[in-house]
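Novice: Following this line is data_2.pdb, made up of PDB, C-alpha atoms:
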ATOM      1  CA  MET Y 779     -44.782 -33.920  -3.521
ATOM      2  CA  SER Y 780     -43.608 -36.913  -1.506
ATOM      3  CA  THR Y 781     -40.483 -36.969   0.606
ATOM      4  CA  PRO Y 782     -38.146 -39.921   1.100
ATOM      5  CA  ASP Y 783     -39.520 -40.298   4.649
ATOM      6  CA  ARG Y 784     -43.168 -40.085   3.730
ATOM      7  CA  PRO Y 785     -44.529 -41.748   0.631
ATOM      8  CA  ARG Y 786     -47.455 -39.976  -0.909
ATOM      9  CA  ALA Y 787     -50.757 -41.583  -0.006
ATOM     10  CA  ARG Y 788     -53.671 -41.704  -2.357
ATOM     11  CA  PRO Y 789     -55.992 -38.763  -1.599
ATOM     12  CA  ASP Y 790     -58.953 -41.097  -1.120
ATOM     13  CA  ALA Y 791     -56.882 -43.196   1.313
ATOM     14  CA  ASP Y 792     -56.226 -40.095   3.445
ATOM     15  CA  GLY Y 793     -59.928 -39.289   3.420
ATOM     16  CA  LEU Y 794     -60.753 -42.846   4.443
ATOM     17  CA  LEU Y 795     -58.224 -42.693   7.301
ATOM     18  CA  ALA Y 796     -59.695 -39.405   8.492
ATOM     19  CA  GLU Y 797     -63.203 -40.896   8.417
ATOM     20  CA  GLN Y 798     -62.023 -43.981  10.324
ATOM     21  CA  LEU Y 799     -60.433 -41.768  12.992
ATOM     22  CA  LEU Y 800     -63.676 -39.810  13.354
ATOM     23  CA  ARG Y 801     -65.688 -43.023  13.654
ATOM     24  CA  LEU Y 802     -63.217 -44.360  16.222
ATOM     25  CA  THR Y 803     -63.468 -41.124  18.216
ATOM     26  CA  ARG Y 804     -67.261 -41.401  18.310
ATOM     27  CA  ARG Y 805     -67.022 -45.071  19.325
ATOM     28  CA  LEU Y 806     -64.515 -44.247  22.076
ATOM     29  CA  HIS Y 807     -66.843 -41.554  23.390
ATOM     30  CA  ARG Y 808     -69.847 -43.923  23.442
ATOM     31  CA  ILE Y 809     -67.892 -46.675  25.207
ATOM     32  CA  GLN Y 810     -66.377 -44.269  27.715
ATOM     33  CA  LYS Y 811     -69.787 -42.745  28.426
ATOM     34  CA  ARG Y 812     -71.293 -46.181  29.016
ATOM     35  CA  HIS Y 813     -68.499 -47.115  31.438
ATOM     36  CA  LEU Y 814     -68.848 -43.795  33.290
ATOM     37  CA  GLU Y 815     -72.635 -43.994  33.738
ATOM     38  CA  PRO Y 816     -72.440 -46.242  36.831
ATOM     39  CA  VAL Y 817     -70.037 -43.722  38.389
ATOM     40  CA  GLY Y 818     -72.612 -40.979  37.789
ATOM     41  CA  ILE Y 819     -70.287 -38.655  35.915
ATOM     42  CA  THR Y 820     -69.984 -37.357  32.363
ATOM     43  CA  PRO Y 821     -66.802 -37.681  30.266
ATOM     44  CA  ALA Y 822     -66.263 -33.907  30.543
ATOM     45  CA  GLN Y 823     -66.675 -33.976  34.333
ATOM     46  CA  SER Y 824     -64.300 -36.943  34.469
ATOM     47  CA  ARG Y 825     -61.679 -34.990  32.552
ATOM     48  CA  LEU Y 826     -62.051 -31.971  34.829
ATOM     49  CA  LEU Y 827     -61.844 -34.090  37.973
ATOM     50  CA  ARG Y 828     -58.700 -35.836  36.716
ATOM     51  CA  THR Y 829     -57.207 -32.453  35.797
ATOM     52  CA  VAL Y 830     -57.865 -31.007  39.269
ATOM     53  CA  ALA Y 831     -56.052 -34.021  40.726
ATOM     54  CA  THR Y 832     -52.886 -33.250  38.732
ATOM     55  CA  TYR Y 833     -52.229 -29.997  40.606
ATOM     56  CA  ALA Y 834     -50.124 -29.948  43.776
ATOM     57  CA  GLU Y 835     -52.274 -27.075  45.096
ATOM     58  CA  PRO Y 836     -55.953 -26.501  44.313
ATOM     59  CA  PRO Y 837     -56.114 -24.773  40.914
ATOM     60  CA  ARG Y 838     -57.957 -21.612  39.979
ATOM     61  CA  MET Y 839     -60.850 -21.843  37.526
ATOM     62  CA  ALA Y 840     -58.705 -19.977  34.970
ATOM     63  CA  ASP Y 841     -55.930 -22.581  35.384
ATOM     64  CA  LEU Y 842     -58.403 -25.349  34.638
ATOM     65  CA  ALA Y 843     -59.833 -23.562  31.593
ATOM     66  CA  ALA Y 844     -56.334 -23.059  30.193
ATOM     67  CA  ARG Y 845     -55.245 -26.652  30.843
ATOM     68  CA  LEU Y 846     -58.448 -28.076  29.348
ATOM     69  CA  GLU Y 847     -58.359 -25.593  26.455
ATOM     70  CA  VAL Y 848     -61.951 -24.501  27.015
ATOM     71  CA  VAL Y 849     -63.644 -21.216  27.819
ATOM     72  CA  PRO Y 850     -63.952 -20.372  31.533
ATOM     73  CA  ARG Y 851     -67.758 -20.647  31.367
ATOM     74  CA  ALA Y 852     -67.429 -24.341  30.440
ATOM     75  CA  VAL Y 853     -65.319 -24.933  33.555
ATOM     76  CA  THR Y 854     -67.887 -23.123  35.688
ATOM     77  CA  SER Y 855     -70.655 -25.440  34.463
ATOM     78  CA  LEU Y 856     -68.546 -28.547  35.076
ATOM     79  CA  VAL Y 857     -67.514 -27.378  38.547
ATOM     80  CA  ASP Y 858     -71.178 -26.614  39.351
ATOM     81  CA  GLY Y 859     -72.117 -30.218  38.570
ATOM     82  CA  LEU Y 860     -69.178 -31.716  40.444
ATOM     83  CA  GLU Y 861     -69.796 -29.455  43.427
ATOM     84  CA  ALA Y 862     -73.487 -30.393  43.517
ATOM     85  CA  SER Y 863     -72.474 -34.059  43.691
ATOM     86  CA  GLY Y 864     -69.956 -33.343  46.478
ATOM     87  CA  ARG Y 865     -66.865 -34.223  44.424
ATOM     88  CA  VAL Y 866     -65.225 -30.783  44.522
ATOM     89  CA  ARG Y 867     -65.650 -27.605  46.518
ATOM     90  CA  ARG Y 868     -64.896 -24.003  45.832
ATOM     91  CA  ALA Y 869     -62.490 -22.417  48.305
ATOM     92  CA  PRO Y 870     -61.209 -18.862  48.572
ATOM     93  CA  ASP Y 871     -57.555 -18.327  47.785
ATOM     94  CA  PRO Y 872     -55.755 -17.477  51.043
ATOM     95  CA  ALA Y 873     -53.667 -14.803  49.305
ATOM     96  CA  ASN Y 874     -56.470 -13.214  47.269
ATOM     97  CA  ARG Y 875     -60.061 -13.590  48.421
ATOM     98  CA  ARG Y 876     -61.372 -12.649  44.969
ATOM     99  CA  VAL Y 877     -59.809 -15.823  43.531
ATOM    100  CA  VAL Y 878     -61.646 -19.118  43.809
ATOM    101  CA  ARG Y 879     -59.736 -22.395  43.977
ATOM    102  CA  ILE Y 880     -61.179 -25.828  43.254
ATOM    103  CA  GLU Y 881     -60.455 -28.558  45.794
ATOM    104  CA  LEU Y 882     -61.110 -32.273  45.574
ATOM    105  CA  THR Y 883     -63.273 -33.676  48.353
ATOM    106  CA  GLU Y 884     -63.061 -37.199  49.768
ATOM    107  CA  GLU Y 885     -65.984 -38.067  47.491
ATOM    108  CA  GLY Y 886     -63.962 -36.678  44.581
ATOM    109  CA  ARG Y 887     -60.979 -38.839  45.471
ATOM    110  CA  ALA Y 888     -63.217 -41.902  45.710
ATOM    111  CA  THR Y 889     -64.686 -41.036  42.317
ATOM    112  CA  LEU Y 890     -61.167 -40.822  40.853
ATOM    113  CA  ARG Y 891     -60.541 -44.389  42.007
ATOM    114  CA  GLU Y 892     -63.788 -45.507  40.355
ATOM    115  CA  LEU Y 893     -62.826 -43.609  37.202
ATOM    116  CA  ARG Y 894     -59.559 -45.502  36.918
ATOM    117  CA  CYS Y 895     -61.494 -48.774  36.881
ATOM    118  CA  ALA Y 896     -64.078 -47.433  34.422
ATOM    119  CA  ARG Y 897     -61.410 -46.118  32.066
ATOM    120  CA  ARG Y 898     -59.516 -49.403  32.252
ATOM    121  CA  GLY Y 899     -62.714 -51.253  31.349
ATOM    122  CA  ALA Y 900     -63.379 -48.923  28.426
ATOM    123  CA  ALA Y 901     -59.792 -49.313  27.188
ATOM    124  CA  GLU Y 902     -59.985 -53.096  27.430
ATOM    125  CA  GLU Y 903     -63.231 -53.087  25.447
ATOM    126  CA  ILE Y 904     -61.950 -50.860  22.667
ATOM    127  CA  LEU Y 905     -58.553 -52.575  22.394
ATOM    128  CA  ALA Y 906     -59.824 -56.158  22.714
ATOM    129  CA  PRO Y 907     -59.418 -56.998  18.997
ATOM    130  CA  LEU Y 908     -55.714 -56.030  19.044
ATOM    131  CA  THR Y 909     -52.728 -58.141  20.026
ATOM    132  CA  VAL Y 910     -50.120 -56.791  22.449
ATOM    133  CA  ASP Y 911     -47.811 -56.007  19.515
ATOM    134  CA  GLN Y 912     -50.585 -54.205  17.631
ATOM    135  CA  ARG Y 913     -51.371 -52.136  20.728
ATOM    136  CA  GLU Y 914     -47.731 -51.098  20.957
ATOM    137  CA  VAL Y 915     -47.667 -50.046  17.298
ATOM    138  CA  LEU Y 916     -50.956 -48.182  17.719
ATOM    139  CA  GLY Y 917     -49.535 -46.334  20.711
ATOM    140  CA  GLU Y 918     -46.512 -45.252  18.692
ATOM    141  CA  LEU Y 919     -48.672 -44.127  15.769
ATOM    142  CA  LEU Y 920     -51.037 -42.179  18.009
ATOM    143  CA  SER Y 921     -48.085 -40.496  19.721
ATOM    144  CA  ALA Y 922     -46.810 -39.387  16.316
ATOM    145  CA  LEU Y 923     -50.220 -37.896  15.497
ATOM    146  CA  VAL Y 924     -50.871 -36.294  18.873
ATOM    147  CA  ASP Y 925     -47.400 -34.791  19.267
ATOM    148  CA  PRO Y 926     -46.003 -34.253  15.788
ATOM    149  CA  GLY Y 927     -42.838 -32.579  17.117
ATOM    150  CA  PRO Y 928     -41.239 -29.238  16.224
ATOM    151  CA  ASP Y 929     -41.920 -29.557  12.486
ATOM    152  CA  GLY Y 930     -45.640 -30.330  12.993
ATOM    153  CA  CYS Y 931     -48.391 -27.779  12.610
TER
END
Can the structure in the file be given as structure tokens, please?
Specialist:
Amino acid sequence: MSTPDRPRARPDADGLLAEQLLRLTRRLHRIQKRHLEPVGITPAQSRLLRTVATYAEPPRMADLAARLEVVPRAVTSLVDGLEASGRVRRAPDPANRRVVRIELTEEGRATLRELRCARRGAAEEILAPLTVDQREVLGELLSALVDPGPDGC
């Protein structure tokens, strides 16, 4: 049943929209991956590095897993790769030596600067066909889908 706010879409139109969103997601991933290759980092490592940078104090592995909505083992693998490349380091928690915190290194901070440029380049590539007004509308639509509000599922 349709509501006054939301007209009922044809079922095949909804399916087409869903397929277009999936295709766009795959395209975004390919473009982002290509822009990150020169930095020497994967999209998942990029996300973890950016997440570490959002904390005022070095986060615990469990904090990162919760924020990224992944299992702790996934964070361990990502941290292993970033630590091997010198972008993060594991440090004991001063209050509890059993807890490990993840700290950005200078190399990690430099990588974050490179990531900003790479992400900007990827965004420019993907959004190139759109006008400024279309980009604004797209942003509003994506916000409605990403954060549907209190009535959303």
Novice: Report as a list of chain:residue names the residues that result from applying the PyMOL selection byres ((chain Y and resi 888-893) around 9) to the structure here.
Specialist: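 This file gives the following for the PyMOL selection byres ((chain Y and resi 888-893) around 9): Y:His813, Y:Leu814, Y:Val817, Y:Ile819, Y:Ser824, Y:Leu827, Y:Arg828, Y:Ala831, Y:Arg865, Y:Thr883, Y:Glu884, Y:Glu885, Y:Gly886, Y:Arg887, Y:Arg894, Y:Cys895, Y:Ala896, Y:Arg897, Y:Arg898.
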Novice: Could you dump the residues just selected with C-alpha atoms as an mmCIF file, in the frame of the given file?
Specialist:
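The result, written out as selection32.cif:
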data_model
loop_
_atom_site.group_PDB
_atom_site.id
_atom_site.type_symbol
_atom_site.label_atom_id
_atom_site.label_comp_id
_atom_site.auth_asym_id
_atom_site.auth_seq_id
_atom_site.Cartn_x
_atom_site.Cartn_y
_atom_site.Cartn_z
ATOM 1 C CA HIS Y 813 -68.499 -47.115 31.438
ATOM 2 C CA LEU Y 814 -68.848 -43.795 33.290
ATOM 3 C CA VAL Y 817 -70.037 -43.722 38.389
ATOM 4 C CA ILE Y 819 -70.287 -38.655 35.915
ATOM 5 C CA SER Y 824 -64.300 -36.943 34.469
ATOM 6 C CA LEU Y 827 -61.844 -34.090 37.973
ATOM 7 C CA ARG Y 828 -58.700 -35.836 36.716
ATOM 8 C CA ALA Y 831 -56.052 -34.021 40.726
ATOM 9 C CA ARG Y 865 -66.865 -34.223 44.424
ATOM 10 C CA THR Y 883 -63.273 -33.676 48.353
ATOM 11 C CA GLU Y 884 -63.061 -37.199 49.768
ATOM 12 C CA GLU Y 885 -65.984 -38.067 47.491
ATOM 13 C CA GLY Y 886 -63.962 -36.678 44.581
ATOM 14 C CA ARG Y 887 -60.979 -38.839 45.471
ATOM 15 C CA ARG Y 894 -59.559 -45.502 36.918
ATOM 16 C CA CYS Y 895 -61.494 -48.774 36.881
ATOM 17 C CA ALA Y 896 -64.078 -47.433 34.422
ATOM 18 C CA ARG Y 897 -61.410 -46.118 32.066
ATOM 19 C CA ARG Y 898 -59.516 -49.403 32.252
#
Novice: Nearest residue to Pro870 in chain Y out of Y:Ala852, Y:Leu905, Y:Val857, Y:Met839, using all atoms listed in the file?
Specialist: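 The shortest atom-to-atom distance to Pro870 in chain Y comes from Y:Met839.
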Novice: To one decimal in Å, tell me the separation between CA of Val877 in chain Y and CA of Arg838 in chain Y.
Specialist: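 Atom-to-atom, CA of Val877 in chain Y to CA of Arg838 in chain Y, that is 7.0 Å.
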Novice: Using the file's own x, y and z axes, what box holds all listed atoms of range 905-912 of chain Y with 8 Å on each side, keeping edges along x, y and z, and what are its centre and edge lengths in Å to one decimal, as JSON?
Specialist:
{"center_x": -53.8, "center_y": -55.4, "center_z": 20.2, "size_x": 28.0, "size_y": 21.6, "size_z": 21.1}
Novice: So which one's closest to Pro837 in chain Y, Y:Leu920, Y:His807, Y:Pro907, Y:Arg879? Using only C-alpha atoms, please.
Specialist: Y:Arg879
Novice: Do you have the CA of Arg804 in chain Y-CA of Val853 in chain Y distance handy?
Specialist: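 Spanning CA of Arg804 in chain Y to CA of Val853 in chain Y is a straight-line distance of 22.5 Å.
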Novice: Which of these residues is nearest to Glu861 in chain Y, using only C-alpha atoms: Y:Ala843, Y:Leu826, Y:Leu919, Y:Val910?
Specialist: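 Looking at the shortest contact to Glu861 in chain Y, the residue is Y:Leu826.
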Novice: For the atom pair CA of Ser863 in chain Y and CA of Ile809 in chain Y, what is the interatomic distance in Å to one decimal place?
Specialist: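 If I compute the distance from CA of Ser863 in chain Y to CA of Ile809 in chain Y, I get 22.8 Å.
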Novice: Would you please work out which residue, of Y:Gln798, Y:Gln823, Y:Ser921, Y:Thr909, is nearest to Val866 in chain Y when using all atoms listed in the file?
Specialist: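 Once distances to Val866 in chain Y are computed over all atoms listed in the file, the minimum belongs to Y:Gln823.
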Novice: Given the file shown, enumerate the residues that the PyMOL selection byres ((chain Y and resi 836) around 8) captures and present them as an NGL selection string.
Specialist: :Y and (830 or 833-835 or 837-838 or 879-882)
Novice: Using all atoms listed in the file, pick whichever of Y:Asp841, Y:Asp792, Y:Asp871, Y:Glu903 has the shortest atom-to-atom distance to Arg805 in chain Y.
Specialist: Y:Glu903
